[in-house]
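Novice: Provided below: work_25.txt, containing compact mmCIF, C-alpha atoms and all ligand atoms.
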```
# COMPACT_ATOMS: atom_id res chain seq x y z
CA MET A 1 0.00 0.00 0.00
CA ASN A 2 1.50 3.28 -1.03
CA ILE A 3 1.24 6.40 1.09
CA LEU A 4 -1.70 7.86 -0.83
CA GLU A 5 -3.71 4.72 -0.27
CA ALA A 6 -2.70 4.74 3.38
CA LEU A 7 -3.91 8.34 3.79
CA GLN A 8 -7.20 7.42 2.12
CA ALA A 9 -7.62 4.49 4.53
CA LEU A 10 -6.81 6.69 7.49
CA GLN A 11 -9.50 9.20 6.55
CA ARG A 12 -12.08 6.44 6.02
CA ASP A 13 -11.25 4.69 9.32
CA GLY A 14 -11.18 7.90 11.30
CA ILE A 15 -14.58 9.07 10.14
CA ALA A 16 -16.09 5.62 10.65
CA ALA A 17 -14.69 5.54 14.20
CA LEU A 18 -16.15 9.01 14.93
CA GLU A 19 -19.60 7.80 13.92
CA GLU A 20 -19.34 5.05 16.53
CA ILE A 21 -18.73 7.50 19.37
CA ARG A 22 -21.78 7.93 21.58
CA GLY A 23 -20.53 10.02 24.53
CA SER A 24 -18.23 13.03 24.83
CA GLY A 25 -16.01 11.03 27.19
CA GLN A 26 -14.75 8.99 24.23
CA LEU A 27 -13.73 12.01 22.12
CA PRO A 28 -10.24 12.59 23.58
CA LEU A 29 -9.17 9.01 22.89
CA TRP A 30 -10.25 9.28 19.25
CA TYR A 31 -8.30 12.53 18.91
CA ARG A 32 -5.13 11.00 20.35
CA THR A 33 -5.44 7.96 18.09
CA TYR A 34 -5.88 9.82 14.83
CA LEU A 35 -4.58 13.38 15.20
CA GLY A 36 -2.44 13.30 18.34
CA ARG A 37 1.31 13.78 18.53
CA LYS A 38 1.81 10.03 18.39
CA GLY A 39 -1.30 9.33 16.33
CA ARG A 40 -1.72 7.58 12.99
CA LEU A 41 -1.47 10.70 10.85
CA THR A 42 1.80 11.74 12.46
CA GLN A 43 3.24 8.29 11.81
CA LEU A 44 2.28 8.45 8.15
CA LEU A 45 3.82 11.89 7.78
CA ARG A 46 7.15 10.49 8.98
CA GLY A 47 7.10 8.32 5.88
CA LEU A 48 7.06 11.39 3.62
CA GLY A 49 10.80 11.70 4.03
CA ASP A 50 11.36 8.35 2.25
CA LEU A 51 9.53 9.47 -0.90
CA SER A 52 11.25 10.71 -4.01
CA ALA A 53 11.29 14.46 -4.65
CA GLY A 54 8.70 13.96 -7.40
CA GLU A 55 6.18 12.15 -5.21
CA ARG A 56 6.56 14.28 -2.11
CA PRO A 57 4.50 17.41 -3.04
CA LEU A 58 1.38 15.44 -3.96
CA ALA A 59 1.59 13.27 -0.85
CA GLY A 60 2.11 16.36 1.34
CA LYS A 61 -0.92 18.07 -0.17
CA ARG A 62 -3.03 14.95 0.33
CA ALA A 63 -1.89 14.64 3.94
CA ASN A 64 -3.02 18.21 4.66
CA GLU A 65 -6.41 17.51 3.09
CA VAL A 66 -6.89 14.40 5.20
CA LYS A 67 -5.88 16.28 8.32
CA ALA A 68 -8.37 19.08 7.61
CA ALA A 69 -11.14 16.60 6.84
CA LEU A 70 -10.57 14.73 10.10
CA GLU A 71 -10.42 17.99 12.13
CA ASP A 72 -13.72 19.17 10.59
CA ALA A 73 -15.39 15.83 11.19
CA PHE A 74 -14.19 15.84 14.79
CA GLN A 75 -15.54 19.38 15.45
CA ALA A 76 -18.91 18.56 13.94
CA ARG A 77 -19.21 15.30 15.87
CA GLN A 78 -18.17 17.00 19.11
CA GLU A 79 -20.81 19.71 18.75
CA HIS A 80 -23.46 17.18 17.87
CA ILE A 81 -22.68 14.99 20.89
CA LYS A 82 -22.53 17.92 23.35
CA ALA A 83 -25.87 19.30 22.13
CA ALA A 84 -27.47 15.90 22.52
CA GLU A 85 -26.03 15.52 26.02
CA LEU A 86 -27.28 18.96 27.04
CA GLU A 87 -30.74 18.09 25.83
CA VAL A 88 -30.75 14.90 27.88
CA ALA A 89 -29.51 16.79 30.95
CA LEU A 90 -32.17 19.49 30.63
CA SER A 91 -34.99 17.00 30.28
CA SER A 92 -33.85 14.70 33.08
CA GLU A 93 -32.60 17.18 35.70
CA GLN A 94 -35.04 19.44 37.43
CA VAL A 95 -34.63 23.22 37.32
CA ASP A 96 -36.92 25.10 39.66
CA VAL A 97 -37.36 28.46 37.99
CA THR A 98 -39.48 29.72 40.90
CA LEU A 99 -36.52 29.68 43.32
CA PRO A 100 -35.50 33.19 44.38
CA GLY A 101 -32.26 34.48 42.82
CA ARG A 102 -29.10 35.09 44.78
CA PRO A 103 -29.51 38.50 46.40
CA ILE A 104 -27.01 41.24 45.57
CA ALA A 105 -25.98 42.82 48.85
CA PRO A 106 -26.64 46.57 48.89
CA GLY A 107 -23.48 48.61 49.33
CA HIS A 108 -23.06 51.68 51.48
CA LEU A 109 -21.30 54.99 51.24
CA HIS A 110 -17.56 55.17 51.78
CA LEU A 111 -16.48 56.58 55.12
CA VAL A 112 -14.85 59.54 53.39
CA THR A 113 -18.09 60.35 51.54
CA ARG A 114 -20.07 60.17 54.76
CA THR A 115 -17.60 62.43 56.57
CA LEU A 116 -17.70 64.90 53.66
CA ARG A 117 -21.48 64.96 53.80
CA ARG A 118 -21.42 65.62 57.56
CA LEU A 119 -18.97 68.50 57.06
CA ARG A 120 -21.20 69.95 54.32
CA GLU A 121 -24.23 69.70 56.60
CA ILE A 122 -22.53 71.45 59.48
CA PHE A 123 -21.32 74.33 57.34
CA ALA A 124 -24.60 74.55 55.45
CA GLU A 125 -26.32 75.22 58.78
CA MET A 126 -23.98 78.18 59.19
CA GLY A 127 -24.88 79.48 55.73
CA PHE A 128 -21.94 78.17 53.72
CA GLN A 129 -22.68 77.06 50.17
CA VAL A 130 -20.64 74.40 48.38
CA TYR A 131 -18.32 75.55 45.61
CA GLU A 132 -16.79 72.83 43.44
CA ALA A 133 -13.44 73.50 41.77
CA PRO A 134 -11.35 71.30 39.44
CA GLU A 135 -8.69 68.91 40.69
CA VAL A 136 -6.43 69.73 37.74
CA GLU A 137 -5.27 73.30 38.16
CA THR A 138 -2.96 75.83 36.63
CA ASP A 139 0.26 76.61 38.45
CA GLU A 140 -1.05 80.18 38.56
CA ASN A 141 -4.19 79.32 40.54
CA ASN A 142 -2.55 76.70 42.73
CA PHE A 143 0.49 78.80 43.66
CA GLU A 144 1.06 82.20 42.07
CA LEU A 145 -2.26 83.87 42.84
CA LEU A 146 -2.22 82.46 46.36
CA ASN A 147 0.91 84.44 47.04
CA ILE A 148 3.29 81.50 46.48
CA PRO A 149 5.62 82.56 43.64
CA ALA A 150 7.97 80.04 42.06
CA TYR A 151 10.94 81.07 44.23
CA HIS A 152 8.92 80.85 47.46
CA PRO A 153 10.32 78.31 49.97
CA ALA A 154 6.73 77.33 50.90
CA ARG A 155 6.54 75.51 47.58
CA ASP A 156 8.59 72.74 49.16
CA MET A 157 5.61 71.97 51.39
CA TRP A 158 3.42 71.43 48.35
CA ASP A 159 5.41 69.27 45.97
CA THR A 160 2.96 67.77 43.51
CA PHE A 161 2.34 65.92 40.26
CA TRP A 162 2.87 68.03 37.16
CA ILE A 163 0.71 67.52 34.08
CA SER A 164 2.82 70.00 32.12
CA ASP A 165 5.01 73.01 32.95
CA GLU A 166 1.91 75.06 33.71
CA VAL A 167 -0.60 72.50 34.97
CA VAL A 168 -0.62 70.53 38.23
CA LEU A 169 -2.82 68.24 40.28
CA ARG A 170 -3.92 70.70 42.94
CA THR A 171 -2.10 70.40 46.25
CA HIS A 172 -4.89 71.99 48.27
CA THR A 173 -8.44 73.19 47.70
CA SER A 174 -7.26 76.81 48.02
CA PRO A 175 -7.05 77.55 44.26
CA GLY A 176 -10.85 77.30 44.35
CA GLN A 177 -10.75 80.51 46.44
CA ILE A 178 -9.41 82.44 43.46
CA ARG A 179 -11.99 80.93 41.10
CA CYS A 180 -14.81 81.59 43.52
CA MET A 181 -13.76 85.19 44.21
CA ARG A 182 -13.41 86.01 40.53
CA GLU A 183 -16.87 84.61 39.83
CA SER A 184 -18.53 86.20 42.86
CA HIS A 185 -17.12 89.72 42.78
CA PRO A 186 -18.56 92.16 43.87
CA HIS A 187 -20.75 90.11 46.18
CA PRO A 188 -19.94 88.74 49.64
CA ILE A 189 -18.89 85.09 49.78
CA ARG A 190 -19.55 82.28 52.21
CA VAL A 191 -18.57 78.93 50.74
CA ILE A 192 -16.86 75.66 51.51
CA LEU A 193 -14.75 74.01 48.84
CA PRO A 194 -14.58 70.26 49.36
CA GLY A 195 -12.52 67.98 47.15
CA LYS A 196 -9.56 65.79 46.45
CA CYS A 197 -6.00 67.04 46.59
CA TYR A 198 -2.66 65.50 45.67
CA ARG A 199 0.86 65.72 46.90
CA TYR A 200 4.00 64.07 45.72
CA GLU A 201 5.25 62.72 48.98
CA GLN A 202 6.10 59.54 50.76
CA VAL A 203 3.07 57.43 51.66
CA THR A 204 3.00 56.63 55.38
CA PRO A 205 0.30 55.74 57.94
CA ARG A 206 -0.15 59.51 58.40
CA SER A 207 0.02 60.79 54.84
CA GLU A 208 -1.24 59.68 51.45
CA HIS A 209 -0.44 61.12 48.04
CA GLN A 210 -4.18 61.73 47.60
CA PHE A 211 -6.54 63.00 50.25
CA PHE A 212 -9.65 65.10 50.73
CA GLN A 213 -9.77 68.61 52.06
CA VAL A 214 -12.51 71.03 52.90
CA GLU A 215 -11.65 74.65 52.51
CA GLY A 216 -13.80 77.46 53.83
CA LEU A 217 -13.91 81.03 52.56
CA ALA A 218 -15.85 84.03 53.78
CA VAL A 219 -15.39 87.46 52.19
CA GLY A 220 -17.41 90.49 53.16
CA HIS A 221 -17.35 93.81 54.97
CA ASN A 222 -15.98 93.91 58.50
CA ILE A 223 -15.16 90.21 58.70
CA ARG A 224 -12.80 89.71 61.62
CA LEU A 225 -10.60 87.03 63.15
CA THR A 226 -13.19 86.53 65.88
CA ASP A 227 -15.71 85.52 63.21
CA LEU A 228 -13.28 82.83 62.10
CA ILE A 229 -12.74 81.60 65.64
CA GLY A 230 -16.49 81.56 66.30
CA THR A 231 -17.04 79.55 63.12
CA MET A 232 -14.36 77.04 64.16
CA ARG A 233 -15.88 76.72 67.62
CA GLU A 234 -19.32 76.07 66.18
CA PHE A 235 -17.89 73.49 63.81
CA ALA A 236 -15.94 71.64 66.53
CA GLY A 237 -19.01 71.44 68.75
CA LYS A 238 -21.18 70.03 66.00
CA MET A 239 -18.58 67.62 64.67
CA TYR A 240 -17.03 66.38 67.91
CA GLY A 241 -19.62 67.21 70.58
CA GLU A 242 -20.57 70.31 72.55
CA GLY A 243 -18.24 71.87 75.09
CA ARG A 244 -15.00 71.41 73.16
CA LYS A 245 -12.11 73.49 74.39
CA MET A 246 -10.23 75.38 71.75
CA ARG A 247 -6.72 76.67 71.41
CA ILE A 248 -5.48 79.14 68.82
CA ARG A 249 -1.82 79.28 67.87
CA GLY A 250 -0.06 81.66 65.54
CA SER A 251 1.09 80.01 62.31
CA TYR A 252 2.21 80.80 58.80
CA PHE A 253 0.53 80.29 55.43
CA PRO A 254 1.45 82.41 52.41
CA PHE A 255 -2.18 83.11 51.59
CA THR A 256 -3.42 84.26 55.00
CA GLU A 257 -2.30 87.08 57.31
CA PRO A 258 -2.41 86.59 60.22
CA SER A 259 -2.42 82.78 60.08
CA ILE A 260 -3.50 80.49 62.88
CA GLU A 261 -3.71 76.81 63.78
CA VAL A 262 -6.92 75.78 65.46
CA ASP A 263 -6.62 73.01 68.06
CA MET A 264 -9.24 71.38 70.25
CA ASP A 265 -8.95 69.26 73.36
CA CYS A 266 -8.17 65.62 72.54
CA ILE A 267 -11.41 63.66 72.39
CA LEU A 268 -9.62 60.34 72.72
CA CYS A 269 -7.91 60.91 76.07
CA ARG A 270 -9.92 63.87 77.37
CA SER A 271 -6.76 65.95 77.34
CA GLU A 272 -4.89 63.57 79.61
CA GLY A 273 -2.35 62.79 76.88
CA CYS A 274 -2.26 59.89 74.43
CA ARG A 275 -0.34 58.70 71.39
CA VAL A 276 -2.71 60.41 68.93
CA CYS A 277 -2.35 63.85 70.52
CA LYS A 278 1.35 63.15 71.10
CA TYR A 279 0.73 63.56 74.86
CA THR A 280 -0.12 67.25 74.50
CA GLY A 281 -3.86 66.90 75.13
CA TRP A 282 -4.54 68.90 71.95
CA LEU A 283 -5.53 67.93 68.41
CA GLU A 284 -5.03 70.18 65.42
CA ILE A 285 -8.31 70.50 63.49
CA ALA A 286 -7.68 73.26 60.96
CA GLY A 287 -5.21 75.71 59.50
CA ALA A 288 -6.79 79.11 59.03
CA GLY A 289 -6.36 82.87 58.92
CA MET A 290 -7.51 86.15 57.44
CA VAL A 291 -7.33 86.16 53.65
CA HIS A 292 -4.07 87.86 52.62
CA PRO A 293 -4.60 91.27 50.96
CA VAL A 294 -2.65 90.07 47.90
CA VAL A 295 -5.00 87.09 47.53
CA LEU A 296 -8.07 89.30 47.96
CA ARG A 297 -6.76 91.58 45.25
CA ASN A 298 -5.98 88.62 42.97
CA GLY A 299 -9.58 87.54 43.43
CA GLY A 300 -10.82 91.00 42.43
CA TYR A 301 -11.65 92.35 45.90
CA ASP A 302 -10.15 95.62 47.16
CA PRO A 303 -8.54 94.83 50.54
CA GLU A 304 -9.24 98.41 51.67
CA GLU A 305 -12.92 97.69 51.43
CA TRP A 306 -13.21 93.93 51.90
CA SER A 307 -11.88 91.41 54.34
CA GLY A 308 -12.27 87.69 54.74
CA PHE A 309 -11.21 84.53 56.48
CA ALA A 310 -10.26 81.11 55.15
CA PHE A 311 -9.70 77.75 56.76
CA GLY A 312 -8.68 74.32 55.56
CA MET A 313 -9.11 70.93 57.13
CA GLY A 314 -8.61 67.30 56.23
CA VAL A 315 -11.49 64.89 55.81
CA GLU A 316 -9.78 61.58 56.50
CA ARG A 317 -8.34 62.89 59.75
CA PRO A 318 -11.65 63.64 61.51
CA ALA A 319 -12.87 60.20 60.40
CA MET A 320 -9.69 58.63 61.80
CA LEU A 321 -10.20 60.40 65.10
CA GLN A 322 -13.85 59.47 65.39
CA HIS A 323 -13.32 55.80 64.58
CA GLY A 324 -9.86 55.23 65.98
CA ILE A 325 -8.38 54.42 62.54
CA GLU A 326 -4.61 54.33 62.75
CA ASP A 327 -3.57 54.21 59.10
CA ILE A 328 -4.78 56.62 56.40
CA ARG A 329 -3.84 54.11 53.68
CA TYR A 330 -6.86 51.96 54.59
CA PHE A 331 -9.16 54.57 53.01
CA TYR A 332 -7.87 53.85 49.51
CA GLY A 333 -6.79 50.22 49.88
CA ASN A 334 -10.20 48.93 48.66
CA ASP A 335 -10.14 46.26 51.36
CA LEU A 336 -13.76 45.34 52.03
CA ARG A 337 -12.87 44.04 55.49
CA PHE A 338 -12.02 47.65 56.38
CA LEU A 339 -14.78 49.37 54.40
CA ARG A 340 -17.59 47.17 55.74
CA GLN A 341 -16.92 48.28 59.30
CA PHE A 342 -18.21 51.79 58.73
ZN ZN B 401 -5.02 62.50 73.38
```
Could I get this structure in the form of structure tokens?
Ligand SMILES: [Zn+2]

Specialist:
Amino acid sequence: MNILEALQALQRDGIAALEEIRGSGQLPLWYRTYLGRKGRLTQLLRGLGDLSAGERPLAGKRANEVKAALEDAFQARQEHIKAAELEVALSSEQVDVTLPGRPIAPGHLHLVTRTLRRLREIFAEMGFQVYEAPEVETDENNFELLNIPAYHPARDMWDTFWISDEVVLRTHTSPGQIRCMRESHPHPIRVILPGKCYRYEQVTPRSEHQFFQVEGLAVGHNIRLTDLIGTMREFAGKMYGEGRKMRIRGSYFPFTEPSIEVDMDCILCRSEGCRVCKYTGWLEIAGAGMVHPVVLRNGGYDPEEWSGFAFGMGVERPAMLQHGIEDIRYFYGNDLRFLRQF
């Protein structure tokens, strides 16, 4: 029997054997026998090398045809058998279509979102509207117009991610002050600016490269430092409970003058001293101050006629204090074991 006859026989045998198969469990054995690495076709192909150069092309072509025919027959038989088996399964096994589906558990708001909403509520009660500003800002709004020129050493405190030479991911919500003032002039302003900020810095349990801030801004006639302190006192009472003690310390920010840090008595240790308050009995809740005349002017308000205060506070930090969370990285780790607790 020459090789062409052998190929013909192989095709005939293979297809006949496929027809005999009744269950999908037998399919792999057929495949190994006829088309596998050690199967009958492979063995025949080894014989091609013994043929003369004149015979070889025809035999090779024929071998490919046989291979394709067997592959096609196998696919068709496999589909036929599987469909038949599925039909048998569906008619013999019971499916109760009246059973209730698997419930999808309702989610809940992220702790940061809930804290943000509480902050909005508290300030809304004091007459502050919400002003939304973009997270991608110009260098001008984020630094220059807030009295932080390129050579200013304070820029070291706000290293950030640069989109281009002129555009940054905002390092604080303060650039929104400029936008808000320019849109509101010549009317008085009372807004909070909540949103996400970014800083290019080492990630530690205390600091993330992304975080939320809420900024407050009030501009009007005869606004004084005592108005700022009163606002902070009202906020602390509503957020952390009535009767909070407050402490004001002098500080420095380029965009406020004078600048202050607002502290309250530590709610964790009742001012007796603990790790969180670094054994001082005090917790810092906001940086604040009177809007710097240069910033007022950049916003379009004449500092001779107008005055204002501004404050900024974190959002993760109050949540950490209230729930005893020790690591800020949990907020963005997407670990449901953490998120489900709140
Ligand atoms: Zn403490």

Novice: So which residues are close to (-12.2, 66.8, 53.1), meaning at most 10 Å away in the file's coordinates with all atoms listed in the file counted, and can you show them as a PyMOL selection string?

Specialist: chain A and resi 112-113+115-117+119-120+173+193-197+211-215+312-319

Novice: Find the residues near ligand ZN 401 (chain B). Use a cut-off of 7 Å, count only C-alpha atoms and all ligand atoms, and write them as a short mmCIF file (atom, residue, chain, number, x, y, z; two decimals) with C-alpha atoms, in the coordinates of the input.

Specialist:
```
data_model
loop_
_atom_site.label_atom_id
_atom_site.label_comp_id
_atom_site.auth_asym_id
_atom_site.auth_seq_id
_atom_site.Cartn_x
_atom_site.Cartn_y
_atom_site.Cartn_z
CA CYS A 266 -8.17 65.62 72.54
CA ILE A 267 -11.41 63.66 72.39
CA LEU A 268 -9.62 60.34 72.72
CA CYS A 269 -7.91 60.91 76.07
CA ARG A 270 -9.92 63.87 77.37
CA SER A 271 -6.76 65.95 77.34
CA GLU A 272 -4.89 63.57 79.61
CA GLY A 273 -2.35 62.79 76.88
CA CYS A 274 -2.26 59.89 74.43
CA ARG A 275 -0.34 58.70 71.39
CA VAL A 276 -2.71 60.41 68.93
CA CYS A 277 -2.35 63.85 70.52
CA LYS A 278 1.35 63.15 71.10
CA TYR A 279 0.73 63.56 74.86
CA THR A 280 -0.12 67.25 74.50
CA GLY A 281 -3.86 66.90 75.13
CA TRP A 282 -4.54 68.90 71.95
#
```

Novice: How many Å lie between atom CA of Ala89 of chain A and atom CA of Asp72 of chain A, rounded to one decimal?

Specialist: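 So the answer is 25.9 Å.
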
Novice: For the point (-10.1, 55.0, 51.0) in file coordinates, what residues are within 10 Å, counting only C-alpha atoms? Give the answer as a JSON list (two decimals) with C-alpha atoms, in the coordinates of the input?

Specialist:
```
[["chain", "number", "residue", "atom", "x", "y", "z"],
["A", 110, "HIS", "CA", -17.56, 55.17, 51.78],
["A", 111, "LEU", "CA", -16.48, 56.58, 55.12],
["A", 112, "VAL", "CA", -14.85, 59.54, 53.39],
["A", 113, "THR", "CA", -18.09, 60.35, 51.54],
["A", 210, "GLN", "CA", -4.18, 61.73, 47.60],
["A", 211, "PHE", "CA", -6.54, 63.00, 50.25],
["A", 316, "GLU", "CA", -9.78, 61.58, 56.50],
["A", 328, "ILE", "CA", -4.78, 56.62, 56.40],
["A", 329, "ARG", "CA", -3.84, 54.11, 53.68],
["A", 330, "TYR", "CA", -6.86, 51.96, 54.59],
["A", 331, "PHE", "CA", -9.16, 54.57, 53.01],
["A", 332, "TYR", "CA", -7.87, 53.85, 49.51],
["A", 333, "GLY", "CA", -6.79, 50.22, 49.88],
["A", 334, "ASN", "CA", -10.20, 48.93, 48.66],
["A", 335, "ASP", "CA", -10.14, 46.26, 51.36],
["A", 338, "PHE", "CA", -12.02, 47.65, 56.38],
["A", 339, "LEU", "CA", -14.78, 49.37, 54.40]]
```

Novice: Quick one: of A:Ser164, A:Gln26, A:Thr171, A:Thr231, who's nearest to Ala124 of chain A, counting all atoms listed in the file?

Specialist: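 That would be A:Thr231, the residue with the smallest distance to Ala124 of chain A.
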
Novice: When distances are computed from only C-alpha atoms, which of A:Val88, A:Ile81, A:Ile15, A:Leu4 shows the smallest separation from Leu48 of chain A?

Specialist: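 For Leu48 of chain A, the nearest of the given residues is A:Leu4.
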
Novice: Which residues, written as a list in words, have at least one atom at most 12 Å from Gln43 of chain A, with only C-alpha atoms counted and residues fewer than 4 positions away on the same chain left out?

Specialist: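 Once the nearby chain positions are removed, what remains is Ile3, Ala6, Leu7, Leu10, Thr33, Tyr34, Leu35, Gly36, Arg37, Lys38, Gly39, Gly47, Leu48, Gly49 and Ala63 of chain A.
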
Novice: Tell me, in Å to one decimal, how far atom CA of Val262 of chain A is from atom CA of Ala288 of chain A.

Specialist: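 Separation between atom CA of Val262 of chain A and atom CA of Ala288 of chain A: 7.2 Å.
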